[in-house]
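Data file: coords-v3.cif. Format and content: mmCIF, C-alpha atoms and all ligand atoms.
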```cif
data_data
loop_
_atom_site.label_atom_id
_atom_site.label_comp_id
_atom_site.auth_asym_id
_atom_site.auth_seq_id
_atom_site.Cartn_x
_atom_site.Cartn_y
_atom_site.Cartn_z
CA MET G 1035 134.61 99.70 102.48
CA SER G 1036 132.94 100.08 105.86
CA SER G 1037 129.64 98.44 106.78
CA VAL G 1038 126.37 100.35 106.54
CA LYS G 1039 124.98 102.09 109.63
CA PRO G 1040 121.37 102.97 110.45
CA ASN G 1041 120.33 106.56 109.68
CA GLN G 1042 123.52 107.14 107.64
CA PRO G 1043 123.91 107.38 103.84
CA LEU G 1044 124.23 103.95 102.27
CA VAL G 1045 126.58 105.34 99.62
CA THR G 1046 128.23 108.76 99.23
CA HIS G 1047 129.91 108.53 95.79
CA ILE G 1048 126.61 109.27 93.99
CA PHE G 1049 123.35 110.95 95.07
CA THR G 1050 120.52 108.44 95.50
CA ALA G 1051 116.83 108.68 96.39
CA ASP G 1052 113.50 106.80 96.42
CA PRO G 1053 114.86 103.43 97.63
CA SER G 1054 112.81 100.33 96.82
CA ALA G 1055 114.30 97.47 98.82
CA HIS G 1056 113.71 93.74 98.28
CA VAL G 1057 115.27 90.52 99.48
CA PHE G 1058 116.36 88.59 96.39
CA GLU G 1059 118.73 85.59 96.49
CA ASN G 1060 119.20 86.08 100.28
CA LYS G 1061 120.61 89.61 99.90
CA ILE G 1062 119.04 93.03 100.19
CA TYR G 1063 118.79 94.72 96.82
CA ILE G 1064 117.97 98.43 96.70
CA TYR G 1065 116.57 100.09 93.57
CA PRO G 1066 116.98 103.88 94.02
CA SER G 1067 116.70 106.88 91.77
CA HIS G 1068 120.06 108.40 90.80
CA ASP G 1069 119.98 112.16 91.45
CA LEU G 1070 122.03 114.34 89.10
CA ASP G 1071 124.09 117.27 90.36
CA HIS G 1072 123.10 120.40 88.36
CA ASP G 1073 122.25 124.09 88.81
CA GLY G 1074 118.92 124.09 86.96
CA PRO G 1075 115.58 125.36 88.33
CA ASP G 1076 113.92 123.89 91.45
CA ASN G 1077 110.11 124.13 91.30
CA ASP G 1078 106.78 122.44 92.16
CA ASN G 1079 106.86 120.71 88.78
CA GLY G 1080 109.91 118.71 89.90
CA ASP G 1081 112.18 120.01 87.10
CA GLN G 1082 115.11 119.62 89.50
CA TYR G 1083 114.74 115.84 89.36
CA LYS G 1084 116.54 115.29 86.06
CA MET G 1085 117.57 111.71 86.51
CA GLU G 1086 118.86 109.76 83.50
CA ASP G 1087 119.76 106.30 84.76
CA TYR G 1088 119.48 103.74 87.55
CA HIS G 1089 122.16 102.07 89.67
CA VAL G 1090 121.28 98.99 91.73
CA LEU G 1091 122.76 98.73 95.25
CA SER G 1092 123.00 95.61 97.42
CA LEU G 1093 123.88 94.55 100.95
CA ASP G 1094 124.83 91.00 101.90
CA ASN G 1095 123.36 91.86 105.32
CA PHE G 1096 123.29 94.80 107.71
CA ASP G 1097 126.94 94.27 108.77
CA SER G 1098 128.29 94.57 105.24
CA PRO G 1099 129.14 97.51 102.96
CA ALA G 1100 126.75 98.68 100.25
CA VAL G 1101 127.80 97.56 96.78
CA ASP G 1102 127.00 99.70 93.73
CA HIS G 1103 126.49 97.36 90.77
CA GLY G 1104 126.86 100.22 88.28
CA GLU G 1105 124.48 101.49 85.65
CA ALA G 1106 121.54 99.11 85.30
CA LEU G 1107 119.50 101.09 82.75
CA HIS G 1108 119.99 104.42 80.94
CA LEU G 1109 117.44 106.76 79.38
CA LYS G 1110 119.13 106.41 75.97
CA ASP G 1111 118.25 102.70 75.99
CA VAL G 1112 114.53 103.28 76.59
CA PRO G 1113 112.96 103.84 73.14
CA TRP G 1114 109.76 105.57 74.36
CA ALA G 1115 111.22 107.83 77.08
CA SER G 1116 112.48 111.41 76.81
CA ALA G 1117 113.46 112.52 80.35
CA GLN G 1118 113.23 112.18 84.13
CA MET G 1119 113.65 108.57 85.20
CA TRP G 1120 112.04 108.88 88.63
CA ALA G 1121 111.40 106.43 91.46
CA PRO G 1122 111.63 102.78 90.32
CA ASP G 1123 110.73 99.43 91.85
CA ALA G 1124 111.67 95.83 91.07
CA ALA G 1125 109.92 92.46 91.25
CA TYR G 1126 110.73 88.79 90.73
CA LYS G 1127 108.48 86.30 88.98
CA ASN G 1128 108.76 83.74 86.14
CA ASN G 1129 112.48 83.25 86.97
CA GLN G 1130 113.09 86.82 85.88
CA TYR G 1131 113.63 90.25 87.46
CA TYR G 1132 111.52 93.20 86.39
CA LEU G 1133 112.40 96.88 86.85
CA TYR G 1134 109.39 99.22 86.77
CA PHE G 1135 110.16 102.90 86.25
CA PRO G 1136 108.40 106.17 85.39
CA ALA G 1137 109.69 108.59 82.78
CA ARG G 1138 108.28 111.25 80.48
CA ASP G 1139 107.30 109.98 77.06
CA LYS G 1140 108.08 111.96 73.89
CA ASP G 1141 105.05 114.21 74.60
CA GLY G 1142 106.21 115.00 78.14
CA ILE G 1143 103.56 112.78 79.76
CA PHE G 1144 104.74 110.55 82.59
CA ARG G 1145 104.30 106.85 81.79
CA ILE G 1146 105.50 103.66 83.44
CA GLY G 1147 107.89 101.30 81.68
CA VAL G 1148 109.28 97.89 82.44
CA ALA G 1149 112.70 96.34 81.80
CA THR G 1150 113.88 92.78 82.43
CA SER G 1151 117.01 90.97 83.56
CA PRO G 1152 117.95 87.42 84.54
CA THR G 1153 119.78 88.81 87.61
CA PRO G 1154 118.65 91.22 90.35
CA ALA G 1155 121.55 93.64 89.74
CA GLY G 1156 120.82 93.96 86.03
CA PRO G 1157 121.65 95.35 83.54
CA PHE G 1158 117.98 95.56 82.52
CA LYS G 1159 116.63 95.59 78.98
CA ALA G 1160 113.70 97.95 78.45
CA GLU G 1161 110.56 96.89 76.60
CA PRO G 1162 110.11 98.94 73.40
CA ASP G 1163 107.03 100.83 74.64
CA TYR G 1164 105.61 101.93 77.99
CA ILE G 1165 102.91 99.85 79.68
CA GLN G 1166 99.71 100.66 77.78
CA GLY G 1167 97.22 102.47 80.02
CA SER G 1168 99.95 103.60 82.44
CA TYR G 1169 100.41 107.17 83.61
CA SER G 1170 101.92 109.26 86.43
CA ILE G 1171 104.86 108.13 88.59
CA ASP G 1172 106.26 106.02 91.42
CA PRO G 1173 105.41 102.41 90.57
CA ALA G 1174 105.58 99.89 93.42
CA VAL G 1175 104.89 96.21 92.79
CA LEU G 1176 103.61 93.60 95.21
CA VAL G 1177 103.73 89.94 94.17
CA ASP G 1178 101.16 88.43 96.50
CA GLU G 1179 101.34 85.01 98.12
CA ASP G 1180 99.03 83.59 95.40
CA ASP G 1181 101.53 84.91 92.78
CA GLN G 1182 99.18 87.63 91.52
CA ALA G 1183 101.16 90.84 91.06
CA TYR G 1184 99.74 94.31 91.70
CA ILE G 1185 101.27 97.61 90.62
CA TYR G 1186 100.58 100.74 92.68
CA PHE G 1187 101.45 104.18 91.33
CA GLY G 1188 100.63 107.89 91.18
CA GLY G 1189 101.88 111.27 92.34
CA LEU G 1190 100.45 114.78 92.57
CA TRP G 1191 102.00 118.02 91.21
CA GLY G 1192 105.01 117.07 89.03
CA GLY G 1193 103.67 113.51 89.02
CA GLN G 1194 100.67 114.75 86.97
CA LEU G 1195 97.94 112.76 88.79
CA GLU G 1196 95.61 115.82 88.91
CA LYS G 1197 95.64 115.79 85.09
CA TRP G 1198 94.07 112.29 85.00
CA GLN G 1199 90.97 113.00 87.14
CA THR G 1200 88.63 112.49 84.17
CA GLY G 1201 90.40 109.31 83.03
CA THR G 1202 92.09 111.05 80.10
CA PHE G 1203 95.07 113.42 80.18
CA GLN G 1204 94.00 117.05 80.66
CA PRO G 1205 97.22 119.10 80.26
CA GLU G 1206 95.74 122.30 81.74
CA GLN G 1207 94.27 120.63 84.85
CA THR G 1208 96.51 121.43 87.81
CA GLU G 1209 93.90 121.62 90.59
CA GLY G 1210 92.77 118.68 92.67
CA PRO G 1211 89.30 118.38 94.23
CA PRO G 1212 87.99 121.03 96.68
CA ALA G 1213 89.44 120.75 100.20
CA ASP G 1214 86.31 119.10 101.68
CA GLN G 1215 86.03 116.46 98.95
CA PRO G 1216 87.75 113.04 98.87
CA ALA G 1217 91.44 113.38 98.04
CA ILE G 1218 92.83 111.92 94.82
CA GLY G 1219 93.95 108.36 95.58
CA PRO G 1220 96.85 106.31 94.29
CA ARG G 1221 96.13 103.83 91.55
CA VAL G 1222 96.39 100.03 91.52
CA ALA G 1223 96.26 97.58 88.61
CA LYS G 1224 96.65 93.83 88.42
CA LEU G 1225 99.66 92.88 86.29
CA SER G 1226 99.42 90.25 83.57
CA GLU G 1227 101.01 86.84 84.13
CA ASP G 1228 104.09 87.89 82.10
CA MET G 1229 104.40 91.09 84.24
CA LEU G 1230 104.66 93.28 81.13
CA SER G 1231 101.16 94.76 80.91
CA PHE G 1232 98.11 95.69 82.98
CA ALA G 1233 95.67 92.77 83.27
CA ALA G 1234 92.87 95.25 84.04
CA GLU G 1235 92.31 99.01 84.02
CA PRO G 1236 93.90 100.83 86.96
CA GLN G 1237 91.51 101.59 89.83
CA GLU G 1238 91.67 104.50 92.25
CA ILE G 1239 92.38 103.43 95.86
CA SER G 1240 90.22 104.86 98.61
CA ILE G 1241 91.90 105.88 101.88
CA ILE G 1242 89.42 106.31 104.74
CA ASP G 1243 89.55 107.30 108.38
CA GLU G 1244 88.47 105.06 111.30
CA ASP G 1245 84.81 106.17 110.78
CA GLY G 1246 84.86 105.10 107.13
CA SER G 1247 84.88 108.65 105.75
CA PRO G 1248 87.29 109.33 102.86
CA ILE G 1249 90.39 111.34 103.74
CA THR G 1250 89.76 114.73 102.16
CA ALA G 1251 91.93 116.75 99.76
CA GLY G 1252 92.44 119.49 102.37
CA ASP G 1253 93.72 117.04 104.99
CA GLU G 1254 97.35 117.45 104.00
CA ASP G 1255 98.62 115.59 107.08
CA ARG G 1256 96.94 112.40 105.88
CA ARG G 1257 96.03 112.64 102.19
CA TYR G 1258 97.95 110.71 99.54
CA PHE G 1259 100.64 112.64 97.67
CA GLU G 1260 103.16 110.19 96.10
CA GLY G 1261 105.47 107.24 96.72
CA PRO G 1262 103.12 104.29 97.44
CA TRP G 1263 104.48 101.09 98.95
CA VAL G 1264 102.46 98.01 99.89
CA HIS G 1265 103.70 95.21 102.17
CA LYS G 1266 101.95 92.46 104.09
CA TYR G 1267 102.10 91.84 107.83
CA ASN G 1268 99.95 89.42 109.82
CA GLY G 1269 97.39 89.07 107.02
CA TYR G 1270 96.92 92.81 106.46
CA TYR G 1271 98.04 94.86 103.49
CA TYR G 1272 99.84 98.04 104.58
CA LEU G 1273 99.74 100.96 102.11
CA SER G 1274 102.34 103.57 103.03
CA TYR G 1275 103.01 106.83 101.20
CA SER G 1276 104.30 110.39 101.34
CA THR G 1277 102.01 113.28 102.30
CA GLY G 1278 104.14 115.62 100.15
CA SER G 1279 103.46 119.14 101.35
CA THR G 1280 103.53 118.04 105.03
CA HIS G 1281 106.58 115.82 104.44
CA LYS G 1282 105.51 112.71 106.36
CA LEU G 1283 105.47 109.01 105.59
CA VAL G 1284 102.11 107.63 106.74
CA TYR G 1285 100.10 104.43 106.29
CA GLY G 1286 96.76 102.69 106.26
CA ILE G 1287 95.79 99.00 106.37
CA SER G 1288 93.32 96.78 104.56
CA ARG G 1289 92.33 93.13 104.27
CA SER G 1290 92.43 93.54 100.46
CA PRO G 1291 95.29 94.60 98.16
CA LEU G 1292 92.77 96.87 96.41
CA GLY G 1293 91.66 98.67 99.59
CA PRO G 1294 89.94 100.62 100.94
CA PHE G 1295 92.78 101.34 103.35
CA THR G 1296 92.01 102.65 106.83
CA PHE G 1297 94.41 105.40 107.86
CA LYS G 1298 96.52 104.43 110.89
CA GLY G 1299 99.33 106.94 111.49
CA THR G 1300 102.81 108.25 110.82
CA ILE G 1301 105.81 106.03 110.05
CA LEU G 1302 108.49 108.70 109.58
CA THR G 1303 108.52 112.34 110.64
CA PRO G 1304 109.91 114.92 108.15
CA VAL G 1305 113.46 114.58 106.85
CA ILE G 1306 115.92 117.20 105.61
CA GLY G 1307 114.82 118.16 102.07
CA TRP G 1308 111.36 118.51 100.49
CA THR G 1309 110.63 114.95 99.41
CA THR G 1310 110.28 111.83 101.52
CA HIS G 1311 110.04 108.39 99.91
CA HIS G 1312 110.53 104.90 101.22
CA SER G 1313 110.11 101.14 101.15
CA ILE G 1314 109.56 98.54 103.88
CA VAL G 1315 111.17 95.09 103.80
CA GLN G 1316 111.65 92.11 106.09
CA PHE G 1317 115.16 90.62 106.30
CA GLU G 1318 115.50 87.54 108.49
CA ASP G 1319 113.44 88.28 111.62
CA LYS G 1320 113.45 92.10 111.51
CA TRP G 1321 111.72 94.77 109.47
CA TYR G 1322 113.46 97.76 107.91
CA LEU G 1323 112.48 101.14 106.52
CA PHE G 1324 114.55 102.41 103.61
CA TYR G 1325 114.16 106.15 103.06
CA HIS G 1326 116.09 109.18 101.86
CA ASP G 1327 116.94 112.71 102.90
CA SER G 1328 119.09 115.58 101.61
CA SER G 1329 121.63 115.52 104.45
CA LEU G 1330 124.55 114.56 102.17
CA SER G 1331 124.13 117.87 100.28
CA GLU G 1332 123.12 119.85 103.40
CA GLY G 1333 119.55 120.28 102.19
CA VAL G 1334 119.66 120.50 98.38
CA ASN G 1335 116.32 118.97 97.32
CA HIS G 1336 117.63 117.09 94.29
CA LYS G 1337 120.86 115.81 95.87
CA ARG G 1338 119.59 113.12 98.19
CA CYS G 1339 120.97 110.02 99.91
CA VAL G 1340 119.39 106.68 100.71
CA LYS G 1341 119.37 105.43 104.31
CA TYR G 1342 117.77 102.67 106.37
CA THR G 1343 116.59 102.11 109.91
CA GLU G 1344 114.77 99.36 111.79
CA LEU G 1345 110.95 99.47 111.76
CA LYS G 1346 109.00 98.06 114.72
CA TYR G 1347 105.35 97.07 115.14
CA ASN G 1348 103.26 97.35 118.27
CA GLU G 1349 101.36 94.28 119.44
CA ASP G 1350 98.18 95.53 117.73
CA GLY G 1351 100.00 95.69 114.37
CA THR G 1352 100.40 99.46 114.29
CA ILE G 1353 103.83 100.80 113.32
CA GLN G 1354 105.95 102.75 115.79
CA THR G 1355 106.69 106.28 114.53
CA ILE G 1356 110.34 106.75 113.59
CA ASP G 1357 112.41 109.89 114.18
CA PRO G 1358 114.98 110.06 111.34
CA TYR G 1359 117.40 111.95 113.57
CA PRO G 1360 117.46 110.06 116.90
CA ALA G 1361 119.24 111.78 119.79
CA GLY G 1362 122.88 110.80 120.13
CA GLU G 1363 123.38 109.88 116.45
O1 LIG G 1401 112.77 111.39 92.75
C1 LIG G 1401 111.81 112.07 91.97
C2 LIG G 1401 110.52 112.13 92.69
O2 LIG G 1401 110.70 112.77 93.94
C3 LIG G 1401 109.92 110.81 93.05
O3 LIG G 1401 109.33 110.16 91.97
C4 LIG G 1401 109.01 111.22 94.13
O4 LIG G 1401 108.47 110.18 94.88
C5 LIG G 1401 109.90 112.14 94.92
O5 LIG G 1401 110.75 111.44 95.80
#
```

Translate the structure described by the file into structure tokens.
Amino acid sequence: MSSVKPNQPLVTHIFTADPSAHVFENKIYIYPSHDLDHDGPDNDNGDQYKMEDYHVLSLDNFDSPAVDHGEALHLKDVPWASAQMWAPDAAYKNNQYYLYFPARDKDGIFRIGVATSPTPAGPFKAEPDYIQGSYSIDPAVLVDEDDQAYIYFGGLWGGQLEKWQTGTFQPEQTEGPPADQPAIGPRVAKLSEDMLSFAAEPQEISIIDEDGSPITAGDEDRRYFEGPWVHKYNGYYYLSYSTGSTHKLVYGISRSPLGPFTFKGTILTPVIGWTTHHSIVQFEDKWYLFYHDSSLSEGVNHKRCVKYTELKYNEDGTIQTIDPYPAGE
């Protein structure tokens, strides 16, 4: 097996997407979605993303090959779920590893579940029910320096966040707010000490511009779409996410894990394929962006591959914009 290279697929024997990377036990563990190869419909509802299981990948370091640890959790072993195991994340606390994942429940509503394992590679055992009060997709968990864990989540369109604008599920509601009104924000909830439930009701996160005005729903270059990730750098919380219809990864910063987050700029310009989704992790003295594109399938939206590249900060703490296809590579 050859060592991984920046801007190249981490693995090619399966299609992978939505990489959540963490350093556990001095290695880099990556928790991706596992894209299925099929000829079904491709639409704005995300029906093409039919995933049924998770594989955990790991790297000893950036000079080593990527190891696939095999199936870590399958849909058939999640009692409450019926379909579409989308972008997961993992966390470590209480001497245990937790895998957070969205899936449709038996009524077709996206919920977020949790599964546990004594080891970072799994296999994971799912809790019997989804996290009460959870909804939508793309969980990302930050365990803060004081050990309080926060879960961020939410996605528009197929991720159903428009349907929760009143606080209860409105199946017919597909529209977001008018273009000049504040955009729908991602959600955040404190997790309980045992990491298995919400300690408080989820709150909507506000993303504002430098003048303090909310980013509006019509501002598709900056408004939240899906795929939240929160990391800390120099005392600031960085919330990064996908803009969906404009295909960028962008970010804002805050002094609080609950926001509001002030919009700062673009991390990654558009990749091959419709979706863009990422995580940011420090390994030794460098920072890395894990992301995906559809290059391995020459552009098929639901046949994606996970990649990484180095991420650099400017002296003022802003992030340098990354071109996923640098000249000469
Ligand atoms: O992989 C399925 C969905 O596509 C994810 O949940 C979204 O973030 C997008 O990448």

Worksheet item: ligand LIG 1401 (chain G): which residues are within 7 Å, counting all atoms listed in the file, as a list in words?
Response: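 Written in the requested form, the residues are Ala1051, Asp1052, Ser1067, Tyr1083, Trp1120, Ala1121, Ile1171, Asp1172, Glu1260, Gly1261, Thr1309, Thr1310 and His1311 of chain G.
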
Please identify every residue of segment 1077-1184 of chain G that has at least one atom no farther than 10 Å from an atom of segment 1225-1240 of chain G, counting all atoms listed in the file, and for each give the shortest atom pair and the distance in Å to one decimal, arranged by chain then increasing number, as a Markdown table.
```
| residue | atom | partner | partner_atom | distance |
| --- | --- | --- | --- | --- |
| G:Ala1125 | CA | G:Met1229 | CA | 9.0 |
| G:Tyr1126 | CA | G:Met1229 | CA | 9.4 |
| G:Lys1127 | CA | G:Met1229 | CA | 7.9 |
| G:Asn1128 | CA | G:Asp1228 | CA | 7.4 |
| G:Gln1130 | CA | G:Asp1228 | CA | 9.8 |
| G:Tyr1131 | CA | G:Met1229 | CA | 9.8 |
| G:Tyr1132 | CA | G:Met1229 | CA | 7.7 |
| G:Tyr1134 | CA | G:Leu1230 | CA | 9.5 |
| G:Gly1147 | CA | G:Leu1230 | CA | 8.7 |
| G:Val1148 | CA | G:Leu1230 | CA | 6.7 |
| G:Ala1149 | CA | G:Leu1230 | CA | 8.6 |
| G:Thr1150 | CA | G:Leu1230 | CA | 9.3 |
| G:Glu1161 | CA | G:Leu1230 | CA | 8.3 |
| G:Tyr1164 | CA | G:Ser1231 | CA | 8.9 |
| G:Ile1165 | CA | G:Ser1231 | CA | 5.5 |
| G:Gln1166 | CA | G:Ser1231 | CA | 6.8 |
| G:Gly1167 | CA | G:Glu1235 | CA | 7.2 |
| G:Ser1168 | CA | G:Pro1236 | CA | 8.0 |
| G:Tyr1169 | CA | G:Pro1236 | CA | 9.7 |
| G:Val1175 | CA | G:Leu1225 | CA | 9.0 |
| G:Leu1176 | CA | G:Leu1225 | CA | 9.8 |
| G:Val1177 | CA | G:Leu1225 | CA | 9.3 |
| G:Asp1181 | CA | G:Glu1227 | CA | 8.9 |
| G:Gln1182 | CA | G:Leu1225 | CA | 7.4 |
| G:Ala1183 | CA | G:Leu1225 | CA | 5.4 |
| G:Tyr1184 | CA | G:Leu1225 | CA | 5.6 |
```

With C-alpha atoms kept, could you save the residues just selected as a PDB file, keeping the file's coordinate frame?
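What landed in part_27.pdb:
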```pdb
ATOM      1  CA  ALA G1125     109.920  92.460  91.250  1.00  0.00           C
ATOM      2  CA  TYR G1126     110.730  88.790  90.730  1.00  0.00           C
ATOM      3  CA  LYS G1127     108.480  86.300  88.980  1.00  0.00           C
ATOM      4  CA  ASN G1128     108.760  83.740  86.140  1.00  0.00           C
ATOM      5  CA  GLN G1130     113.090  86.820  85.880  1.00  0.00           C
ATOM      6  CA  TYR G1131     113.630  90.250  87.460  1.00  0.00           C
ATOM      7  CA  TYR G1132     111.520  93.200  86.390  1.00  0.00           C
ATOM      8  CA  TYR G1134     109.390  99.220  86.770  1.00  0.00           C
ATOM      9  CA  GLY G1147     107.890 101.300  81.680  1.00  0.00           C
ATOM     10  CA  VAL G1148     109.280  97.890  82.440  1.00  0.00           C
ATOM     11  CA  ALA G1149     112.700  96.340  81.800  1.00  0.00           C
ATOM     12  CA  THR G1150     113.880  92.780  82.430  1.00  0.00           C
ATOM     13  CA  GLU G1161     110.560  96.890  76.600  1.00  0.00           C
ATOM     14  CA  TYR G1164     105.610 101.930  77.990  1.00  0.00           C
ATOM     15  CA  ILE G1165     102.910  99.850  79.680  1.00  0.00           C
ATOM     16  CA  GLN G1166      99.710 100.660  77.780  1.00  0.00           C
ATOM     17  CA  GLY G1167      97.220 102.470  80.020  1.00  0.00           C
ATOM     18  CA  SER G1168      99.950 103.600  82.440  1.00  0.00           C
ATOM     19  CA  TYR G1169     100.410 107.170  83.610  1.00  0.00           C
ATOM     20  CA  VAL G1175     104.890  96.210  92.790  1.00  0.00           C
ATOM     21  CA  LEU G1176     103.610  93.600  95.210  1.00  0.00           C
ATOM     22  CA  VAL G1177     103.730  89.940  94.170  1.00  0.00           C
ATOM     23  CA  ASP G1181     101.530  84.910  92.780  1.00  0.00           C
ATOM     24  CA  GLN G1182      99.180  87.630  91.520  1.00  0.00           C
ATOM     25  CA  ALA G1183     101.160  90.840  91.060  1.00  0.00           C
ATOM     26  CA  TYR G1184      99.740  94.310  91.700  1.00  0.00           C
TER      27      TYR G1184
END
```

Fill in: Nearest candidate to Trp1198 of chain G (options G:Phe1144, G:Ile1249, G:Asn1041, G:Asp1102; using all atoms listed in the file)
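So, comparing all the options, the nearest one is G:Phe1144.
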
Fill in: Gap from atom CA of Val1305 of chain G to atom CA of Asp1081 of chain G - Å, one decimal
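Interatomic distance here is 20.5 Å.
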
Worksheet entry | For atom CA of Thr1343 of chain G and atom CA of Thr1153 of chain G, the interatomic separation in Å (one decimal) |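 It comes out at 26.2 Å.
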
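Closest approach to Gly1299 of chain G among G:Gly1210, G:Gly1333, G:Gly1193, G:Gly1351 is made by G:Gly1351 (distances from only C-alpha atoms).
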
Worksheet entry | Polymer residues at most 10 Å from Ala1055 of chain G, all atoms listed in the file, same-chain spacing of 2 or more positions, as an NGL selection string | :G and (1052-1053 or 1057-1058 or 1062-1066 or 1091-1092 or 1123-1124 or 1312-1316 or 1322-1325 or 1342)
